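Next comes query06.cif, a file with mmCIF, C-alpha atoms.
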```
data_input
#
loop_
_atom_site.label_atom_id
_atom_site.label_comp_id
_atom_site.auth_asym_id
_atom_site.auth_seq_id
_atom_site.Cartn_x
_atom_site.Cartn_y
_atom_site.Cartn_z
CA MET A 1 57.54 -27.72 -19.62
CA PHE A 2 58.54 -30.75 -17.61
CA LYS A 3 61.55 -32.98 -17.22
CA LEU A 4 62.03 -36.35 -15.48
CA ARG A 5 65.10 -37.20 -13.43
CA LYS A 6 66.36 -39.58 -10.78
CA ALA A 7 65.89 -38.33 -7.21
CA GLU A 8 68.92 -37.24 -5.20
CA PRO A 9 69.41 -36.87 -1.42
CA ARG A 10 68.53 -33.14 -1.62
CA ASP A 11 65.07 -34.10 -2.95
CA VAL A 12 63.99 -35.85 0.25
CA PRO A 13 61.84 -32.90 1.50
CA ASP A 14 59.98 -32.83 -1.85
CA ILE A 15 59.54 -36.63 -1.83
CA LEU A 16 57.96 -36.47 1.63
CA ARG A 17 55.75 -33.55 0.58
CA LEU A 18 54.45 -35.52 -2.41
CA ILE A 19 53.99 -38.73 -0.35
CA LYS A 20 51.77 -36.70 1.98
CA GLU A 21 49.86 -35.13 -0.93
CA LEU A 22 49.18 -38.58 -2.38
CA ALA A 23 48.09 -39.88 1.05
CA LYS A 24 45.77 -36.85 1.36
CA TYR A 25 44.28 -37.68 -2.07
CA GLU A 26 43.69 -41.24 -0.73
CA GLU A 27 42.19 -39.70 2.44
CA MET A 28 44.90 -41.37 4.55
CA GLU A 29 47.13 -38.42 5.39
CA ASP A 30 47.43 -39.29 9.09
CA ARG A 31 48.91 -42.70 8.22
CA VAL A 32 52.18 -41.23 6.94
CA LEU A 33 54.69 -41.78 9.72
CA LEU A 34 57.86 -41.55 7.64
CA THR A 35 60.22 -38.64 8.27
CA GLU A 36 62.81 -36.94 6.02
CA LYS A 37 65.49 -38.70 8.07
CA ASP A 38 63.93 -42.13 7.32
CA LEU A 39 63.69 -41.34 3.61
CA LEU A 40 67.30 -40.18 3.47
CA GLU A 41 68.65 -43.25 5.24
CA ASP A 42 66.38 -45.72 3.44
CA GLY A 43 66.74 -44.32 -0.07
CA PHE A 44 70.28 -43.04 -0.20
CA GLY A 45 72.19 -45.20 2.27
CA GLU A 46 74.33 -48.24 1.61
CA HIS A 47 71.40 -50.52 0.73
CA PRO A 48 68.57 -48.43 -0.75
CA PHE A 49 65.08 -49.77 -0.04
CA TYR A 50 63.52 -47.68 -2.79
CA GLN A 51 64.25 -45.65 -5.94
CA CYS A 52 62.52 -42.46 -6.99
CA ILE A 53 61.86 -40.65 -10.26
CA LEU A 54 60.86 -37.00 -10.04
CA ALA A 55 58.99 -34.79 -12.47
CA GLU A 56 60.14 -31.17 -12.46
CA TRP A 57 58.21 -28.25 -13.93
CA GLN A 58 59.71 -25.00 -15.14
CA GLU A 59 57.73 -22.20 -16.82
CA GLU A 60 59.11 -21.33 -20.25
CA GLN A 61 61.65 -18.51 -20.18
CA SER A 62 61.50 -18.22 -16.44
CA ASN A 63 64.41 -17.66 -14.06
CA GLU A 64 62.60 -19.44 -11.25
CA GLU A 65 63.91 -22.71 -9.82
CA PRO A 66 62.18 -25.77 -11.30
CA ARG A 67 59.49 -27.21 -9.00
CA VAL A 68 59.02 -30.89 -8.23
CA ILE A 69 55.39 -31.65 -9.16
CA GLY A 70 55.30 -35.42 -9.56
CA PHE A 71 57.07 -38.60 -8.50
CA ALA A 72 57.18 -42.37 -8.66
CA MET A 73 58.65 -44.49 -5.87
CA TYR A 74 59.54 -48.05 -6.88
CA TYR A 75 61.72 -51.04 -6.03
CA PHE A 76 62.44 -54.52 -7.37
CA THR A 77 60.67 -57.59 -6.04
CA TYR A 78 60.45 -61.27 -7.02
CA ASP A 79 57.88 -63.75 -8.22
CA PRO A 80 59.17 -67.34 -7.91
CA TRP A 81 57.09 -68.26 -10.98
CA THR A 82 58.23 -65.57 -13.41
CA GLY A 83 61.25 -63.91 -11.81
CA LYS A 84 62.08 -60.25 -11.27
CA LEU A 85 59.32 -57.65 -10.95
CA LEU A 86 59.22 -53.88 -10.69
CA TYR A 87 56.96 -52.82 -7.83
CA LEU A 88 55.44 -49.36 -8.05
CA GLU A 89 54.89 -48.16 -4.48
CA ASP A 90 53.73 -44.57 -5.11
CA PHE A 91 52.87 -42.67 -8.27
CA PHE A 92 51.49 -39.12 -8.15
CA VAL A 93 51.28 -35.91 -10.19
CA VAL A 94 50.10 -32.70 -8.48
CA GLU A 95 46.51 -31.99 -9.59
CA GLU A 96 47.12 -28.77 -11.54
CA PHE A 97 49.75 -30.55 -13.66
CA ARG A 98 47.65 -33.54 -14.67
CA GLY A 99 46.49 -34.07 -18.25
CA LYS A 100 49.84 -32.93 -19.71
CA GLY A 101 51.25 -36.41 -20.32
CA ILE A 102 53.55 -36.34 -17.28
CA GLY A 103 52.08 -39.50 -15.75
CA SER A 104 52.37 -41.33 -19.08
CA GLU A 105 56.00 -40.29 -19.44
CA ILE A 106 56.79 -41.51 -15.93
CA LEU A 107 55.19 -44.89 -16.70
CA LYS A 108 57.10 -45.10 -19.98
CA LEU A 109 60.37 -44.45 -18.12
CA LEU A 110 59.46 -47.10 -15.53
CA SER A 111 58.68 -49.61 -18.25
CA HIS A 112 62.11 -48.99 -19.85
CA LEU A 113 63.74 -49.49 -16.46
CA ALA A 114 61.80 -52.71 -15.96
CA MET A 115 62.79 -54.03 -19.38
CA LYS A 116 66.43 -53.07 -18.81
CA THR A 117 66.40 -55.09 -15.56
CA ARG A 118 64.57 -57.93 -17.37
CA CYS A 119 61.44 -57.71 -15.23
CA GLY A 120 58.48 -59.68 -16.54
CA SER A 121 55.90 -57.26 -15.19
CA MET A 122 55.14 -54.34 -12.92
CA HIS A 123 52.95 -54.77 -9.82
CA PHE A 124 51.20 -52.18 -7.69
CA ILE A 125 48.18 -51.67 -5.42
CA VAL A 126 45.15 -49.49 -6.04
CA ALA A 127 42.27 -48.89 -3.66
CA GLU A 128 39.06 -50.19 -5.25
CA ASP A 129 37.22 -46.88 -4.78
CA ASN A 130 39.92 -44.96 -6.67
CA ARG A 131 38.05 -45.22 -9.98
CA SER A 132 40.06 -42.61 -11.93
CA SER A 133 43.37 -44.32 -11.12
CA ILE A 134 41.97 -47.78 -11.90
CA GLU A 135 40.75 -46.47 -15.30
CA PHE A 136 44.17 -44.84 -15.95
CA TYR A 137 45.94 -48.14 -15.34
CA LYS A 138 43.39 -50.34 -17.13
CA ARG A 139 43.69 -48.15 -20.28
CA ARG A 140 47.35 -49.14 -20.24
CA GLY A 141 46.63 -52.85 -19.98
CA ALA A 142 46.74 -53.42 -16.21
CA GLU A 143 44.89 -56.42 -14.81
CA ASP A 144 43.19 -56.50 -11.44
CA LEU A 145 44.65 -59.67 -9.87
CA SER A 146 42.45 -59.39 -6.78
CA LYS A 147 39.31 -59.42 -8.93
CA GLU A 148 40.48 -61.82 -11.64
CA GLU A 149 42.53 -64.33 -9.67
CA GLY A 150 41.30 -63.84 -6.10
CA TRP A 151 44.51 -62.55 -4.50
CA ARG A 152 43.99 -60.81 -1.18
CA LEU A 153 46.65 -58.66 0.49
CA PHE A 154 47.32 -59.49 4.14
CA ARG A 155 49.41 -57.71 6.67
CA PHE A 156 51.00 -58.29 10.07
CA ASP A 157 51.64 -55.07 11.97
CA LYS A 158 54.59 -54.38 14.25
CA ASP A 159 53.06 -55.96 17.39
CA SER A 160 52.16 -59.13 15.51
CA ILE A 161 55.66 -59.38 14.02
CA LEU A 162 57.14 -59.03 17.50
CA LYS A 163 54.96 -61.87 18.77
CA MET A 164 55.80 -64.10 15.80
CA ALA A 165 59.53 -63.43 16.05
CA ALA A 166 59.62 -64.54 19.69
CA PRO A 167 61.08 -68.03 20.16
CA ALA A 168 58.41 -70.76 20.34
CA GLU A 169 57.64 -72.23 23.73
CA GLU A 170 59.02 -75.77 24.15
CA MET B 171 58.84 -83.82 15.28
CA ASP B 172 62.43 -82.78 14.91
CA PHE B 173 63.13 -80.08 12.36
CA SER B 174 65.53 -77.19 11.80
CA ILE B 175 65.01 -73.78 10.22
CA ARG B 176 67.89 -71.98 8.54
CA ALA B 177 68.76 -69.42 5.88
CA ALA B 178 68.82 -70.92 2.38
CA ASN B 179 72.10 -71.29 0.47
CA LEU B 180 72.98 -71.88 -3.18
CA GLU B 181 72.79 -75.66 -2.81
CA ASP B 182 69.16 -75.40 -1.66
CA CYS B 183 67.98 -73.98 -5.00
CA LYS B 184 67.28 -77.45 -6.43
CA ASP B 185 64.88 -78.29 -3.58
CA ILE B 186 63.41 -74.78 -3.54
CA ALA B 187 62.66 -75.07 -7.28
CA ARG B 188 60.98 -78.44 -6.62
CA MET B 189 58.85 -77.03 -3.80
CA ILE B 190 57.94 -73.87 -5.79
CA MET B 191 56.45 -76.23 -8.37
CA GLU B 192 54.61 -78.19 -5.64
CA LEU B 193 53.15 -74.93 -4.26
CA ALA B 194 52.12 -73.82 -7.77
CA GLU B 195 50.40 -77.19 -8.28
CA TYR B 196 48.57 -76.71 -4.94
CA GLU B 197 47.47 -73.25 -6.19
CA LYS B 198 46.42 -74.88 -9.50
CA VAL B 199 48.72 -72.73 -11.65
CA SER B 200 51.83 -74.87 -12.27
CA GLU B 201 51.85 -74.03 -16.00
CA HIS B 202 52.74 -70.43 -15.04
CA VAL B 203 56.07 -71.40 -13.45
CA LYS B 204 58.93 -70.27 -15.69
CA VAL B 205 61.67 -69.73 -13.08
CA THR B 206 64.34 -72.46 -13.13
CA GLN B 207 66.86 -73.63 -10.54
CA LYS B 208 69.49 -71.59 -12.42
CA ASP B 209 67.32 -68.42 -12.24
CA LEU B 210 66.96 -68.90 -8.48
CA GLU B 211 70.72 -69.30 -8.08
CA GLN B 212 71.36 -66.14 -10.07
CA ASP B 213 68.56 -64.01 -8.67
CA GLY B 214 68.84 -65.05 -5.02
CA PHE B 215 72.52 -65.57 -4.45
CA SER B 216 74.39 -62.93 -6.41
CA LYS B 217 75.79 -59.65 -5.07
CA ASN B 218 72.39 -57.90 -5.15
CA PRO B 219 69.83 -60.61 -4.43
CA PHE B 220 66.20 -60.07 -5.43
CA PHE B 221 64.96 -62.39 -2.69
CA HIS B 222 66.07 -64.37 0.37
CA GLY B 223 65.14 -67.92 1.32
CA ILE B 224 64.56 -69.90 4.50
CA VAL B 225 64.54 -73.71 4.46
CA ALA B 226 62.98 -76.26 6.86
CA GLU B 227 64.86 -79.55 7.13
CA VAL B 228 64.13 -82.85 8.89
CA PRO B 229 66.66 -85.51 9.95
CA GLU B 230 67.48 -88.33 7.47
CA ALA B 231 65.34 -90.75 9.47
CA GLN B 232 62.26 -88.68 8.58
CA ARG B 233 63.03 -88.13 4.89
CA THR B 234 60.19 -88.44 2.37
CA LYS B 235 59.72 -91.57 0.26
CA ASP B 236 61.57 -89.75 -2.55
CA GLY B 237 64.48 -89.11 -0.18
CA HIS B 238 63.93 -85.38 0.50
CA VAL B 239 64.96 -83.85 3.83
CA LYS B 240 64.25 -80.25 2.82
CA ILE B 241 60.49 -80.21 3.34
CA GLY B 242 59.47 -76.56 3.59
CA TYR B 243 60.60 -73.08 2.59
CA ALA B 244 59.80 -69.39 2.70
CA LEU B 245 60.87 -66.74 0.20
CA TYR B 246 60.88 -63.11 1.22
CA PHE B 247 62.37 -59.74 0.29
CA LEU B 248 62.63 -56.31 1.84
CA SER B 249 60.22 -53.74 0.50
CA TYR B 250 59.09 -50.23 1.40
CA SER B 251 55.94 -48.44 2.43
CA SER B 252 55.85 -44.72 1.66
CA TRP B 253 53.77 -44.33 4.85
CA LYS B 254 55.67 -46.50 7.31
CA GLY B 255 59.05 -47.25 5.79
CA ARG B 256 60.83 -50.61 5.77
CA CYS B 257 58.65 -53.70 5.29
CA VAL B 258 59.24 -57.35 4.67
CA TYR B 259 57.20 -59.11 1.99
CA MET B 260 56.74 -62.86 2.33
CA GLU B 261 56.36 -64.12 -1.23
CA ASP B 262 56.06 -67.88 -0.60
CA LEU B 263 55.45 -70.06 2.47
CA TYR B 264 55.17 -73.81 1.90
CA VAL B 265 55.40 -77.04 3.87
CA MET B 266 55.07 -80.44 2.14
CA PRO B 267 51.63 -81.95 2.95
CA GLU B 268 52.87 -84.85 5.08
CA PHE B 269 54.78 -82.43 7.36
CA ARG B 270 51.95 -80.00 8.05
CA GLY B 271 50.34 -79.47 11.45
CA LYS B 272 53.65 -79.76 13.30
CA GLY B 273 54.54 -76.10 13.73
CA ILE B 274 56.93 -75.94 10.76
CA GLY B 275 54.97 -73.27 8.85
CA LYS B 276 54.78 -71.16 11.99
CA ALA B 277 58.52 -71.61 12.57
CA LEU B 278 59.33 -70.55 8.98
CA MET B 279 57.17 -67.45 9.34
CA SER B 280 58.72 -66.69 12.71
CA LYS B 281 62.17 -66.72 11.08
CA VAL B 282 60.96 -64.30 8.37
CA ALA B 283 59.55 -62.04 11.09
CA GLN B 284 62.81 -62.18 13.06
CA LEU B 285 64.95 -61.34 10.03
CA GLY B 286 62.52 -58.59 9.01
CA MET B 287 62.67 -57.03 12.46
CA ALA B 288 66.46 -57.21 12.46
CA ALA B 289 66.39 -55.18 9.24
CA GLY B 290 64.14 -52.56 10.85
CA CYS B 291 60.83 -53.60 9.26
CA THR B 292 57.52 -52.65 10.86
CA GLN B 293 55.17 -54.58 8.55
CA LEU B 294 55.09 -58.09 7.08
CA ASN B 295 52.93 -58.29 3.95
CA PHE B 296 51.86 -61.23 1.79
CA THR B 297 48.97 -62.32 -0.44
CA VAL B 298 46.66 -65.33 -0.20
CA LEU B 299 44.16 -66.66 -2.74
CA ASP B 300 40.59 -66.13 -1.57
CA TRP B 301 39.64 -69.82 -1.98
CA ASN B 302 42.62 -71.07 0.03
CA LYS B 303 40.71 -71.65 3.27
CA ALA B 304 43.40 -73.71 5.01
CA SER B 305 45.93 -70.89 4.54
CA LEU B 306 43.42 -68.14 5.37
CA ASP B 307 42.64 -69.95 8.66
CA PHE B 308 46.34 -70.47 9.41
CA TYR B 309 47.18 -66.79 8.93
CA ALA B 310 44.09 -65.53 10.78
CA ALA B 311 45.19 -67.62 13.78
CA GLN B 312 48.53 -65.73 13.76
CA GLY B 313 46.81 -62.35 14.05
CA CYS B 314 47.11 -60.75 10.61
CA SER B 315 44.61 -58.42 8.96
CA ASP B 316 43.03 -58.61 5.50
CA VAL B 317 44.05 -55.32 3.87
CA THR B 318 42.02 -56.08 0.72
CA ALA B 319 38.93 -56.18 2.96
CA SER B 320 39.76 -53.31 5.31
CA LEU B 321 41.26 -50.79 2.84
CA GLY B 322 39.89 -52.12 -0.44
CA TYR B 323 43.39 -52.67 -1.81
CA HIS B 324 43.53 -54.56 -5.08
CA VAL B 325 46.74 -56.11 -6.41
CA MET B 326 47.34 -54.95 -9.99
CA ARG B 327 49.71 -56.12 -12.72
CA CYS B 328 51.00 -54.69 -16.00
CA GLU B 329 52.82 -57.33 -17.97
CA GLY B 330 54.22 -57.87 -21.42
CA ALA B 331 57.97 -57.30 -21.34
CA GLU B 332 58.65 -61.00 -21.82
CA ARG B 333 56.61 -60.94 -25.03
CA GLY B 334 58.81 -58.10 -26.30
CA GLU B 335 55.94 -55.61 -26.35
CA ALA B 336 56.44 -52.05 -25.19
CA TRP B 337 54.41 -51.87 -22.04
CA PRO B 338 52.34 -50.47 -20.46
CA ASN B 339 50.13 -50.15 -23.58
CA THR B 340 50.88 -47.12 -25.64
CA ILE B 341 47.25 -46.02 -25.76
CA GLU B 342 47.52 -42.27 -25.43
CA ASP B 343 45.86 -40.65 -22.48
CA ARG B 344 43.09 -38.30 -23.53
CA GLN B 345 44.50 -34.84 -22.84
#
```
Let me see the file written as C-alpha cells.
Amino acid sequence: MFKLRKAEPRDVPDILRLIKELAKYEEMEDRVLLTEKDLLEDGFGEHPFYQCILAEWQEEQSNEEPRVIGFAMYYFTYDPWTGKLLYLEDFFVVEEFRGKGIGSEILKLLSHLAMKTRCGSMHFIVAEDNRSSIEFYKRRGAEDLSKEEGWRLFRFDKDSILKMAAPAEE
Amino acid sequence: MDFSIRAANLEDCKDIARMIMELAEYEKVSEHVKVTQKDLEQDGFSKNPFFHGIVAEVPEAQRTKDGHVKIGYALYFLSYSSWKGRCVYMEDLYVMPEFRGKGIGKALMSKVAQLGMAAGCTQLNFTVLDWNKASLDFYAAQGCSDVTASLGYHVMRCEGAERGEAWPNTIEDRQ
C-alpha cells in the first residue's frame, strides 16, 4: 500500500534518483545536471525554489523500510491575467507501481493544494511524442495550449543570459 | 531617447495593470484579464511575492498624450528545472507602441537577465504566440531557442478551481 507525504531534506537522494528515472523515460538522462547539494539548498533553504510530494510504498505486514516510488515537484507561478498558478515541474511514478491510482492521488493532492492557495489553474509541459502522458492528462481535462492557442516555449541558455545581462554599449 | 529601467514598487501597480490590459489587447485576449490593480499589489508586494516587476520610465517631457511616463514593463518570477536547477521565467514583456524600436524592450529583458543571474539562474524561459511575428523576430535576434520546436514541448493547462469544480476531472483512471 502507498502513502503520500511532503518531502524532507533526507529525501534529496530519492528525489534526484526519481528525477533521473523520469529523464531516462523521456530519453534525456544526460541533461540532468542537478546534484543532491543543489536540491538540498534549493528546496530546503531559506527561500525554497520548489516543493515536493513523495509517494512511499510499503508491502503489507512487512518490516522493511518504505520505499519512495513516485514524486511530484511543483512551485507557484503567476499569470497577470488570472493570478496565481501551480506549476507542475516533474511528475513520475516508477513503472512497476503504475496503474494503482498513485498518480491520480498525487494529482488530487496537488489540486487541493492549488485550491487552498487560490490558484486558478495548474500548468505543466509535456513532450508531444509522450502520447501516454498526454492521454493521462487529457482524460483529466487538460488543454494543450501550444496546439489550441499557439503558445511556443522559448529559452535563453546561460551564455545568452550572460550576453543580455551585460550593460548596453553607449 | 532617454529612459530609465528600475524595479517596480507598489505605486507602479496602477500603470502595470493598465499595460497588462494593453498587452492583452495586442494579443487579442483582453476579455481574459481578471487580475486587478489590487491583486497585483497583494500578489507582487507582500512578504512572499508570486512575481517581480521591472518598469521602464521616460522623462515628463516625453510623456504620452494621456500623461503616462511609465511606458514599458516586464514581469518575471524564479522557477526551477529538475534538470538544471534555478531558472527565471519572464511572464510579460511590453513596451507601448510609440516607444518601440528604441532599445527599451532589450533593456527590460537585460534587467530580468541580470536579476536572474544574481539569483543563480542558468535559464530564462518565456512563451510567445506563434502568430506574433514581431516578437518572434525580436527574440530570435537576441539568441534564444524555440524549445517547442526543438524538444516538442507543449504548454498544458488544467483549470477549473475558479469555477468551484474539483479539478483535475475526477474521471477514474482505468486500472
Counting only C-alpha atoms, which residues of chain B fall within 6 Å of chain A, and what is the closest atom pair for each with its distance in Å at one decimal, ordered by chain and rising number, as JSON lines?
```
{"residue": "B:Val203", "atom": "CA", "partner": "A:Trp81", "partner_atom": "CA", "distance": 4.1}
{"residue": "B:Lys204", "atom": "CA", "partner": "A:Thr82", "partner_atom": "CA", "distance": 5.3}
{"residue": "B:Val205", "atom": "CA", "partner": "A:Trp81", "partner_atom": "CA", "distance": 5.2}
{"residue": "B:Trp253", "atom": "CA", "partner": "A:Val32", "partner_atom": "CA", "distance": 4.1}
{"residue": "B:Lys254", "atom": "CA", "partner": "A:Leu33", "partner_atom": "CA", "distance": 5.4}
{"residue": "B:Ser280", "atom": "CA", "partner": "A:Ala165", "partner_atom": "CA", "distance": 4.7}
{"residue": "B:Ala283", "atom": "CA", "partner": "A:Ala165", "partner_atom": "CA", "distance": 5.2}
{"residue": "B:Gln284", "atom": "CA", "partner": "A:Ala165", "partner_atom": "CA", "distance": 4.6}
{"residue": "B:Thr292", "atom": "CA", "partner": "A:Lys158", "partner_atom": "CA", "distance": 4.8}
{"residue": "B:Gln293", "atom": "CA", "partner": "A:Asp157", "partner_atom": "CA", "distance": 4.9}
{"residue": "B:Leu294", "atom": "CA", "partner": "A:Phe156", "partner_atom": "CA", "distance": 5.1}
{"residue": "B:Asn295", "atom": "CA", "partner": "A:Arg155", "partner_atom": "CA", "distance": 4.5}
{"residue": "B:Phe296", "atom": "CA", "partner": "A:Phe154", "partner_atom": "CA", "distance": 5.4}
{"residue": "B:Thr297", "atom": "CA", "partner": "A:Leu153", "partner_atom": "CA", "distance": 4.4}
{"residue": "B:Val298", "atom": "CA", "partner": "A:Arg152", "partner_atom": "CA", "distance": 5.3}
{"residue": "B:Leu299", "atom": "CA", "partner": "A:Trp151", "partner_atom": "CA", "distance": 4.5}
{"residue": "B:Asp300", "atom": "CA", "partner": "A:Gly150", "partner_atom": "CA", "distance": 5.1}
{"residue": "B:Cys314", "atom": "CA", "partner": "A:Phe156", "partner_atom": "CA", "distance": 4.6}
{"residue": "B:Ser315", "atom": "CA", "partner": "A:Arg155", "partner_atom": "CA", "distance": 5.4}
{"residue": "B:Asp316", "atom": "CA", "partner": "A:Phe154", "partner_atom": "CA", "distance": 4.6}
{"residue": "B:Val317", "atom": "CA", "partner": "A:Phe154", "partner_atom": "CA", "distance": 5.3}
{"residue": "B:Thr318", "atom": "CA", "partner": "A:Leu153", "partner_atom": "CA", "distance": 5.3}
{"residue": "B:Gly322", "atom": "CA", "partner": "A:Ala127", "partner_atom": "CA", "distance": 5.1}
{"residue": "B:Tyr323", "atom": "CA", "partner": "A:Ala127", "partner_atom": "CA", "distance": 4.4}
{"residue": "B:His324", "atom": "CA", "partner": "A:Ser146", "partner_atom": "CA", "distance": 5.2}
{"residue": "B:Val325", "atom": "CA", "partner": "A:Ile125", "partner_atom": "CA", "distance": 4.8}
{"residue": "B:Met326", "atom": "CA", "partner": "A:Asp144", "partner_atom": "CA", "distance": 4.7}
{"residue": "B:Arg327", "atom": "CA", "partner": "A:His123", "partner_atom": "CA", "distance": 4.6}
{"residue": "B:Cys328", "atom": "CA", "partner": "A:Ala142", "partner_atom": "CA", "distance": 4.5}
{"residue": "B:Glu329", "atom": "CA", "partner": "A:Ser121", "partner_atom": "CA", "distance": 4.1}
{"residue": "B:Ala331", "atom": "CA", "partner": "A:Gly120", "partner_atom": "CA", "distance": 5.4}
{"residue": "B:Glu332", "atom": "CA", "partner": "A:Gly120", "partner_atom": "CA", "distance": 5.4}
{"residue": "B:Pro338", "atom": "CA", "partner": "A:Arg140", "partner_atom": "CA", "distance": 5.2}
{"residue": "B:Asn339", "atom": "CA", "partner": "A:Arg140", "partner_atom": "CA", "distance": 4.5}
{"residue": "B:Gln345", "atom": "CA", "partner": "A:Gly99", "partner_atom": "CA", "distance": 5.1}
```
Atoms kept (C-alpha atoms) for selection, written as a compact mmCIF listing (two decimals), in the frame of the given file:
```
# COMPACT_ATOMS: atom_id res chain seq x y z
CA VAL B 203 56.07 -71.40 -13.45
CA LYS B 204 58.93 -70.27 -15.69
CA VAL B 205 61.67 -69.73 -13.08
CA TRP B 253 53.77 -44.33 4.85
CA LYS B 254 55.67 -46.50 7.31
CA SER B 280 58.72 -66.69 12.71
CA ALA B 283 59.55 -62.04 11.09
CA GLN B 284 62.81 -62.18 13.06
CA THR B 292 57.52 -52.65 10.86
CA GLN B 293 55.17 -54.58 8.55
CA LEU B 294 55.09 -58.09 7.08
CA ASN B 295 52.93 -58.29 3.95
CA PHE B 296 51.86 -61.23 1.79
CA THR B 297 48.97 -62.32 -0.44
CA VAL B 298 46.66 -65.33 -0.20
CA LEU B 299 44.16 -66.66 -2.74
CA ASP B 300 40.59 -66.13 -1.57
CA CYS B 314 47.11 -60.75 10.61
CA SER B 315 44.61 -58.42 8.96
CA ASP B 316 43.03 -58.61 5.50
CA VAL B 317 44.05 -55.32 3.87
CA THR B 318 42.02 -56.08 0.72
CA GLY B 322 39.89 -52.12 -0.44
CA TYR B 323 43.39 -52.67 -1.81
CA HIS B 324 43.53 -54.56 -5.08
CA VAL B 325 46.74 -56.11 -6.41
CA MET B 326 47.34 -54.95 -9.99
CA ARG B 327 49.71 -56.12 -12.72
CA CYS B 328 51.00 -54.69 -16.00
CA GLU B 329 52.82 -57.33 -17.97
CA ALA B 331 57.97 -57.30 -21.34
CA GLU B 332 58.65 -61.00 -21.82
CA PRO B 338 52.34 -50.47 -20.46
CA ASN B 339 50.13 -50.15 -23.58
CA GLN B 345 44.50 -34.84 -22.84
```
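The gap separating atom CA of Tyr243 of chain B from atom CA of Val225 of chain B is 4.4 Å, in Å to one decimal.
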Take atom CA of Glu227 of chain B and atom CA of Cys291 of chain B and report the distance between them in Å, one decimal. 26.3 Å
Find the spatial neighbours of segment 181-185 of chain B, counting all atoms listed in the file, within a cut-off of 7 Å - ignore same-chain residues fewer than 6 positions away - and output them as a PyMOL selection string. chain B and resi 207+210-211+240
Spatial neighbours of Tyr264 of chain B, 9 Å, only C-alpha atoms, chain gap at least 5 places, as a VMD selection string: chain B and resid 189 to 190 192 to 193 241 to 244 275 278
Selection: 10 Å around Pro229 of chain B, all atoms listed in the file, excl. self and same-chain fewer than 2 positions, as a list in words: Met171, Asp172, Phe173, Ser174, Glu227, Ala231, Gln232, Arg233, His238, Val239 and Lys240 of chain B
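Non-sequential neighbours of segment 59-64 of chain A (distance at most 12 Å, separation of 6 or more positions within a chain, all atoms listed in the file) are Met1, Phe2, Lys3 and Phe97 of chain A.
The space separating atom CA of Val93 of chain A from atom CA of Arg131 of chain A comes to 16.2 Å.
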Using the chain letters and numbers from the file, which residues does the PyMOL selection byres ((chain B and resi 260) around 6) grab, as a PDB file with C-alpha atoms, keeping the file's coordinate frame?
```
ATOM      1  CA  TYR B 246      60.880 -63.110   1.220  1.00  0.00           C
ATOM      2  CA  TYR B 259      57.200 -59.110   1.990  1.00  0.00           C
ATOM      3  CA  GLU B 261      56.360 -64.120  -1.230  1.00  0.00           C
ATOM      4  CA  ASP B 262      56.060 -67.880  -0.600  1.00  0.00           C
ATOM      5  CA  PHE B 296      51.860 -61.230   1.790  1.00  0.00           C
TER       6      PHE B 296
END
```
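Residues in contact with Ala289 of chain B at up to 9 Å, not including ones fewer than 3 positions away on its chain and judged by only C-alpha atoms, are Leu248, Arg256, Cys257, Val258, Gln284, Leu285 and Gly286 of chain B.
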With the PyMOL selection byres ((chain B and resi 221) around 6) as the selection, what would be picked from this file? Answer as a VMD selection string, please. chain B and resid 214 219 to 220 222 246 to 247
Would you output that residue set with C-alpha atoms, as a PDB file, keeping the file's coordinate frame?
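Wrote again.pdb, looks like this:
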```
ATOM      1  CA  GLY B 214      68.840 -65.050  -5.020  1.00  0.00           C
ATOM      2  CA  PRO B 219      69.830 -60.610  -4.430  1.00  0.00           C
ATOM      3  CA  PHE B 220      66.200 -60.070  -5.430  1.00  0.00           C
ATOM      4  CA  HIS B 222      66.070 -64.370   0.370  1.00  0.00           C
ATOM      5  CA  TYR B 246      60.880 -63.110   1.220  1.00  0.00           C
ATOM      6  CA  PHE B 247      62.370 -59.740   0.290  1.00  0.00           C
TER       7      PHE B 247
END
```
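Using only C-alpha atoms for every distance, the candidate list A:Glu26, A:Glu46, A:Glu95, A:Leu4 yields A:Leu4 as the residue closest to Gln58 of chain A.
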Could N, CA, C and O atoms be built for segment 62-68 of chain A and written out as a JSON list (two decimals), in the coordinates of the input?
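Writing done, so here's part.json:
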```json
[["chain", "number", "residue", "atom", "x", "y", "z"],
["A", 62, "SER", "N", 61.61, -18.74, -17.80],
["A", 62, "SER", "CA", 61.50, -18.22, -16.44],
["A", 62, "SER", "C", 62.84, -18.43, -15.74],
["A", 62, "SER", "O", 63.56, -19.39, -16.02],
["A", 63, "ASN", "N", 63.17, -17.49, -14.83],
["A", 63, "ASN", "CA", 64.41, -17.66, -14.06],
["A", 63, "ASN", "C", 64.18, -18.41, -12.77],
["A", 63, "ASN", "O", 65.12, -18.65, -12.02],
["A", 64, "GLU", "N", 62.91, -18.76, -12.52],
["A", 64, "GLU", "CA", 62.60, -19.44, -11.25],
["A", 64, "GLU", "C", 63.18, -20.85, -11.22],
["A", 64, "GLU", "O", 63.36, -21.46, -12.26],
["A", 65, "GLU", "N", 63.44, -21.33, -10.00],
["A", 65, "GLU", "CA", 63.91, -22.71, -9.82],
["A", 65, "GLU", "C", 62.83, -23.67, -10.29],
["A", 65, "GLU", "O", 61.65, -23.42, -10.05],
["A", 66, "PRO", "N", 63.21, -24.79, -10.93],
["A", 66, "PRO", "CA", 62.18, -25.77, -11.30],
["A", 66, "PRO", "C", 61.51, -26.33, -10.03],
["A", 66, "PRO", "O", 62.16, -26.43, -8.98],
["A", 67, "ARG", "N", 60.21, -26.66, -10.15],
["A", 67, "ARG", "CA", 59.49, -27.21, -9.00],
["A", 67, "ARG", "C", 59.23, -28.70, -9.20],
["A", 67, "ARG", "O", 58.91, -29.12, -10.31],
["A", 68, "VAL", "N", 59.32, -29.46, -8.13],
["A", 68, "VAL", "CA", 59.02, -30.89, -8.23],
["A", 68, "VAL", "C", 57.52, -31.05, -8.09],
["A", 68, "VAL", "O", 56.93, -30.69, -7.06]]
```
